[in-house]
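Worksheet: the structure to be examined is printed underneath.
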Amino acid sequence: MEYFLYIFLFITLYFQIFLLISFFEKQPGLEKQNEKGIVYLGTTIIVPCFNEEKTVSRTIDSLLALDYPKDKLTIIIIDDGSTDHTWDIIQKFKDDSRIQLLQKKNEGSKFSALNYSLAYVTTELVGVLDADSWVAPDALKRYMEFFADDEVMATIPSMVIAEPDSFLRKAQKAEYDIGLFARKSFSNLNAIYITPGPFSVFRKYVFDTLGPYREAHHTEDAEIALRMQKNKYKIAYSEKSIVYTVGPKTLTPLIKQRVRWIYGFIRNIFDYKGMLFKKEYKSLGMLVLPLGIFRIFITVFLFPLSMLLLAMPVFKWLEKISVVGFNAGIDWNIDWFFVNITQLQIFSVIGVVFTFVTLWIGRGLVNDRKKFTIDIFYMLFMYTFIAPIWLIRSSYNALFAKKSSWR
Amino acid sequence: MNNEKKKYITVFLITLGIFIVVFVLVSSFNKQKIANIDDLQRKITADLIATETQFELLKTAPCSALGNTILSKELGEFGRKLDFAQDAQGADDPDVIQLKKYYSLLQVKDYLLMQELAEKCESDIESLLYFYTPDCDDCRKQGYVLTEFKETYPELRIYSFDSSLDFSVIDTFASLYNFKNIYPTLIVREDIHQGFLDRKKLDELFSKMISEHQRKERVDKGIEFILDASDYSELTELDIQFVSEKREVLSYLLLIADDEGEMIEVIFDSKIGEYKFK
């Protein structure tokens, strides 16, 4: 049992170091353009809405505020059969020349709304923005330096949790920022396997040649990315393009969201298992996808275990304090005889250091000045006590092919 | 070899390197610790023989030697190291069990010695017998409290015994007091206390010892006060003898040049904790 644990640890550490090294590798062939040289390509952004009356205005306002030529930008707002006042609310935008309003009957999935809208797209680029997210003004403009490369077929942004106002949202903020580090590494490896709902922009050519969105276990944004990778279409990551999203505020919707994501991820990889361990897909096939699944399972064990190992001495100390009071305090004359160190504890420390380093790097990418805030501890807490729930549940569902619900 | 392969291998080597460093570090650390425990074992064995001799010797020794046995000084230190060894290697480690048996034996010897001396010299030696098992939560807490208590009042002799050891000496010792199998069990002056005792209760049990301890402290501080005074700067500790304490007045006899000496009285104000000359 112990040896299995060390093998797991070895693989995890290997992957982390691999990502770290990849992060600092220079991506060949991407030359920066100066402002004057920017070619603004015609772009359509689709905003699918299903009962989003509270957030949709903010989303549309942010799109209208984009620093982008008016004649090059079209915004399609599609009301996917909302049962609230979404349709009434978006009427206020109908006079803007860039805006096009569509309405259809709900079919229970986001991708049908996207495909419905794709028929109306005439521009070279087409993007998606979920109605619970909003963009920074320069987000789209910064994409253009990537689309200047004819091989780039899609570009994805940096996702940031905006104004976190609950414990879980703060935890998610740290989590997303760490995710940026991995995203950059994946992009250097040309191994991005997801084009997230908030503000991924594609060449329309992708849908013309590979077909529209497909039913894919409620994670269409992962399926299309894998389909693109399978066909060797390049996906770029524009780290300076920032998209703000909110994330579930409370436990139940968060778990539901994660179960859907991870279930979808596992099922999609199963659908594209032909890419696993194939040399032609390089790091994506050899490492990123296989370890992506591995990592899901290992997190269930490693996080709680390492947190337990690190917390144990603290618990003991607290127990002591509770019976003898504070003056017992800490004995500064450490006799090394009394310090008990195990391999696992050292690895736990290495793990925590890695978490801090990746957070620091991730926040550096989006120029966040506050590198270390309390939310990192919230995240550690979330991954110790809550993540196992969604990991176990989604793995169970995936193994027994139980459908997870969309909302 | 292409670049990608090179990278996979480089990363593998780095990871392997980290693993090797961690494992070598930890194992060398542990080796040292095991050596330490071996050392401890040797020391305890040697001490067992030493006690035997001391036991005989002290029977004939003057009462002033009381409380100065090598044994009692080192017992505490052994106990702490033993506790740790138990934490690190598990309570069922044969080395640890063996050490604990030795340690228990050592404690019983010290206890007997002290009883004998107390009788002979007609003095009170406060002691506490503490029976515990390693798997009881209250015992761990009791351990913390007792350690703290012993640090404040080093003159108290605490003898701790792991009842789960299956060691005839401990069993016999316990049977003398005939208590139920509830732990922690503390025995103070033949009285059996079962269950967790907090600091307050301990203070009550040993109130006499504590007030004596505090009196000694007062006397010692009074001596320090005299030594600090500019009039007596030529004196040393040995020149001052404590005579008596009446309420707040401490009397000392100062041995100055001539053999008669000089009586001096110091007043201790307990409210503000300060001393002054009468």
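Labels used: A, B, ... for chains in the order of the structure tokens, numbers from 1 for residues in each chain, and numbers from 1 for ligands as shown.
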
query: Could you write out, as a count of residues only, all the residues of range 13-169 of chain A that DSSP marks as helix (DSSP H, G or I)?
result: 55

message: I need the contact residues of chain B against chain A, so if you could list those with any atom within 8 Å, counting only C-alpha atoms, and return them as a list in words, that would help.
response: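 Every residue of chain B that passes the 8 Å test is in Tyr8, Val11, Phe12, Thr15, Leu16, Phe19, Val22, Phe23, Val26, Lys33, Asn36, Lys81, Phe84, Ala88, Lys141, Tyr144, Val145, Glu148, Asp198 and Arg199 of chain B.
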
How would the residues just chosen look if you wrote them out with C-alpha atoms as an mmCIF file, in the first residue's frame?
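Listing of again.cif after writing:
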data_model
loop_
_atom_site.group_PDB
_atom_site.id
_atom_site.type_symbol
_atom_site.label_atom_id
_atom_site.label_comp_id
_atom_site.auth_asym_id
_atom_site.auth_seq_id
_atom_site.Cartn_x
_atom_site.Cartn_y
_atom_site.Cartn_z
ATOM 1 C CA TYR B 8 10.496 13.601 -20.580
ATOM 2 C CA VAL B 11 11.856 15.731 -15.869
ATOM 3 C CA PHE B 12 12.078 12.091 -14.825
ATOM 4 C CA THR B 15 11.762 13.951 -10.005
ATOM 5 C CA LEU B 16 13.933 10.968 -9.184
ATOM 6 C CA PHE B 19 12.771 11.525 -4.295
ATOM 7 C CA VAL B 22 13.967 13.157 0.502
ATOM 8 C CA PHE B 23 14.470 9.484 1.247
ATOM 9 C CA VAL B 26 14.735 11.051 6.255
ATOM 10 C CA LYS B 33 17.336 8.712 16.226
ATOM 11 C CA ASN B 36 19.809 7.833 20.292
ATOM 12 C CA LYS B 81 12.477 10.728 25.335
ATOM 13 C CA PHE B 84 8.731 10.390 21.928
ATOM 14 C CA ALA B 88 7.779 7.712 16.533
ATOM 15 C CA LYS B 141 -4.301 15.346 28.366
ATOM 16 C CA TYR B 144 0.309 17.433 29.380
ATOM 17 C CA VAL B 145 -0.990 18.710 32.702
ATOM 18 C CA GLU B 148 3.452 21.307 33.136
ATOM 19 C CA ASP B 198 -7.046 19.357 35.930
ATOM 20 C CA ARG B 199 -4.491 21.802 37.214
#

- request: Tell me, in Å to one decimal, how far CA of Thr43 in chain A is from CA of Leu101 in chain A.
  value: 16.0 Å

task: Find the distance between CA of Glu155 in chain B and CA of Asp38 in chain B and write it in Å to one decimal.
output: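 Straight-line distance from CA of Glu155 in chain B to CA of Asp38 in chain B works out to 29.0 Å.
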
Contacts of Arg169 in chain A at 12 Å (only C-alpha atoms; same-chain gap of 3+ positions) as a list in words: Val160, Ile161, Ala162, Glu163, Pro164, Asp165, Ser166, Gln172, Lys173, Ala174, Glu175, Tyr176, Thr245, Val246, Gly247, Pro248, Lys249, Thr250, Leu251, Pro253, Leu254, Asp375, Ile376, Tyr378, Met379 and Met382 of chain A

task: Would you kindly return, as a PyMOL selection string, each protein, DNA or RNA residue with an atom no farther than 7 Å from any atom of range 125-135 of chain B, considering only C-alpha atoms and excluding same-chain residues fewer than 3 positions away?
output: chain B and resi 118+139+156-164+183-188

Could you write those residues out with C-alpha atoms, as a PDB file, in the first residue's frame?
ATOM      1  CA  ALA B 118      11.468   9.703  54.127  1.00  0.00           C
ATOM      2  CA  CYS B 139      -4.374  10.154  29.633  1.00  0.00           C
ATOM      3  CA  LEU B 156       7.256  16.675  43.237  1.00  0.00           C
ATOM      4  CA  ARG B 157       8.085  13.111  42.260  1.00  0.00           C
ATOM      5  CA  ILE B 158       5.843  11.747  39.564  1.00  0.00           C
ATOM      6  CA  TYR B 159       6.052   8.068  38.781  1.00  0.00           C
ATOM      7  CA  SER B 160       4.172   7.060  35.670  1.00  0.00           C
ATOM      8  CA  PHE B 161       3.284   3.521  34.687  1.00  0.00           C
ATOM      9  CA  ASP B 162       1.802   2.139  31.499  1.00  0.00           C
ATOM     10  CA  SER B 163      -0.708  -0.410  32.772  1.00  0.00           C
ATOM     11  CA  SER B 164      -1.019  -2.060  29.386  1.00  0.00           C
ATOM     12  CA  TYR B 183      -7.477   5.470  33.409  1.00  0.00           C
ATOM     13  CA  PRO B 184      -5.908   7.846  34.135  1.00  0.00           C
ATOM     14  CA  THR B 185      -5.548   6.798  37.760  1.00  0.00           C
ATOM     15  CA  LEU B 186      -3.558   9.006  40.109  1.00  0.00           C
ATOM     16  CA  ILE B 187      -2.531   7.996  43.589  1.00  0.00           C
ATOM     17  CA  VAL B 188      -1.578  10.662  46.054  1.00  0.00           C
TER      18      VAL B 188
END

message: Could you tell me how far CA of Pro157 in chain A sits from CA of Phe356 in chain A, in Å to one decimal place?
response: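 These atoms are spaced 22.3 Å apart.
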
message: Report as an NGL selection string all protein, DNA and RNA residues lying within 7 Å of range 129-143 of chain A, evaluated on only C-alpha atoms, omitting residues in the same chain fewer than 6 positions from it.
response: :A and (45-49 or 52 or 55-56 or 58-59 or 62-63 or 65-68 or 155 or 197-199 or 238 or 241-246)

Atoms to include: C-alpha atoms. Write the selected residues as a short mmCIF file (atom, residue, chain, number, x, y, z; two decimals), in the first residue's frame.
data_model
loop_
_atom_site.label_atom_id
_atom_site.label_comp_id
_atom_site.auth_asym_id
_atom_site.auth_seq_id
_atom_site.Cartn_x
_atom_site.Cartn_y
_atom_site.Cartn_z
CA ILE A 45 -19.99 36.80 -30.07
CA ILE A 46 -22.88 34.52 -29.15
CA VAL A 47 -24.42 34.99 -25.71
CA PRO A 48 -26.71 32.08 -24.86
CA CYS A 49 -29.20 32.93 -22.11
CA GLU A 52 -30.24 34.99 -16.79
CA THR A 55 -26.69 38.95 -15.00
CA VAL A 56 -27.24 39.30 -18.74
CA ARG A 58 -23.72 43.24 -17.27
CA THR A 59 -22.49 40.71 -19.82
CA SER A 62 -19.10 44.60 -21.18
CA LEU A 63 -19.28 43.40 -24.80
CA ALA A 65 -17.64 48.39 -24.10
CA LEU A 66 -15.06 46.27 -25.95
CA ASP A 67 -12.25 48.26 -27.46
CA TYR A 68 -13.00 46.97 -30.96
CA THR A 155 -8.06 31.38 -28.63
CA GLY A 197 -17.80 28.82 -22.21
CA PRO A 198 -16.65 32.26 -21.13
CA PHE A 199 -15.19 33.92 -24.19
CA SER A 238 -4.19 34.84 -24.64
CA SER A 241 -7.37 38.74 -22.18
CA ILE A 242 -9.31 38.64 -18.96
CA VAL A 243 -12.81 37.32 -18.50
CA TYR A 244 -14.60 37.70 -15.19
CA THR A 245 -16.93 35.04 -13.99
CA VAL A 246 -18.66 34.45 -10.67
#

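The protein and nucleic acid residues lying at most 9 Å from range 256-266 of chain A are Ala216, His217, His218, Thr219, Glu220, Ala222, Glu223, Pro248, Gly292, Ile293, Ile296, Ala387, Ile389, Trp390, Leu391, Ile392, Arg393, Ser394, Ser395, Tyr396, Asn397, Ala398, Lys403, Ser404, Ser405, Trp406 and Arg407 of chain A, with only C-alpha atoms considered and sequence neighbours fewer than 6 positions away removed.
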
Go ahead and save the residues from that selection, with C-alpha atoms, as a PDB file, in the first residue's frame.
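Result file follows (result.pdb):
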ATOM      1  CA  ALA A 216     -21.199  15.645 -25.228  1.00  0.00           C
ATOM      2  CA  HIS A 217     -22.208  14.810 -21.653  1.00  0.00           C
ATOM      3  CA  HIS A 218     -23.120  18.457 -20.952  1.00  0.00           C
ATOM      4  CA  THR A 219     -19.533  19.557 -21.535  1.00  0.00           C
ATOM      5  CA  GLU A 220     -19.639  20.661 -25.154  1.00  0.00           C
ATOM      6  CA  ALA A 222     -14.465  20.186 -23.803  1.00  0.00           C
ATOM      7  CA  GLU A 223     -15.685  18.081 -26.724  1.00  0.00           C
ATOM      8  CA  PRO A 248     -21.294  29.011  -7.635  1.00  0.00           C
ATOM      9  CA  GLY A 292      -5.644  14.475 -16.301  1.00  0.00           C
ATOM     10  CA  ILE A 293      -7.703  11.436 -15.391  1.00  0.00           C
ATOM     11  CA  ILE A 296      -8.663  13.358 -10.556  1.00  0.00           C
ATOM     12  CA  ALA A 387     -13.400  18.085  -3.520  1.00  0.00           C
ATOM     13  CA  ILE A 389     -17.213  14.552  -2.620  1.00  0.00           C
ATOM     14  CA  TRP A 390     -17.479  15.729  -6.202  1.00  0.00           C
ATOM     15  CA  LEU A 391     -14.573  13.609  -7.375  1.00  0.00           C
ATOM     16  CA  ILE A 392     -16.014  10.433  -5.963  1.00  0.00           C
ATOM     17  CA  ARG A 393     -19.508  11.217  -7.168  1.00  0.00           C
ATOM     18  CA  SER A 394     -18.467  12.108 -10.712  1.00  0.00           C
ATOM     19  CA  SER A 395     -16.139   9.127 -11.010  1.00  0.00           C
ATOM     20  CA  TYR A 396     -18.937   6.888  -9.838  1.00  0.00           C
ATOM     21  CA  ASN A 397     -21.318   8.415 -12.351  1.00  0.00           C
ATOM     22  CA  ALA A 398     -18.773   8.111 -15.137  1.00  0.00           C
ATOM     23  CA  LYS A 403     -26.058  11.037 -16.572  1.00  0.00           C
ATOM     24  CA  SER A 404     -25.337  14.184 -14.613  1.00  0.00           C
ATOM     25  CA  SER A 405     -27.812  16.959 -15.016  1.00  0.00           C
ATOM     26  CA  TRP A 406     -27.058  20.225 -16.700  1.00  0.00           C
ATOM     27  CA  ARG A 407     -28.407  22.609 -14.143  1.00  0.00           C
TER      28      ARG A 407
END

message: For the strand (DSSP E or B) assignment from backbone DSSP, which residues of range 2-181 of chain B qualify? Please present them as a list in words.
response: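 DSSP-assigned strand (DSSP E or B) residues in range 2-181 of chain B: Ser127, Leu128, Leu129, Tyr130, Phe131, Tyr132, Arg157, Ile158, Tyr159, Ser160, Phe161 and Asp162 of chain B.
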
Create the file for the chosen residues now, containing C-alpha atoms and written as a CSV table (one decimal), in the first residue's frame.
chain,number,residue,atom,x,y,z
B,127,SER,CA,5.0,11.8,45.3
B,128,LEU,CA,2.3,11.0,42.8
B,129,LEU,CA,1.7,7.6,41.2
B,130,TYR,CA,0.3,7.8,37.7
B,131,PHE,CA,-1.2,4.8,35.9
B,132,TYR,CA,-2.2,5.2,32.3
B,157,ARG,CA,8.1,13.1,42.3
B,158,ILE,CA,5.8,11.7,39.6
B,159,TYR,CA,6.1,8.1,38.8
B,160,SER,CA,4.2,7.1,35.7
B,161,PHE,CA,3.3,3.5,34.7
B,162,ASP,CA,1.8,2.1,31.5

task: Check the smallest atom-to-atom distance from each of A:Glu239, A:Phe186, A:Val39, A:Pro196 to Leu284 in chain A using only C-alpha atoms, then report the winner.
output: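 Checking each candidate against Leu284 in chain A, we get A:Phe186 as the closest.
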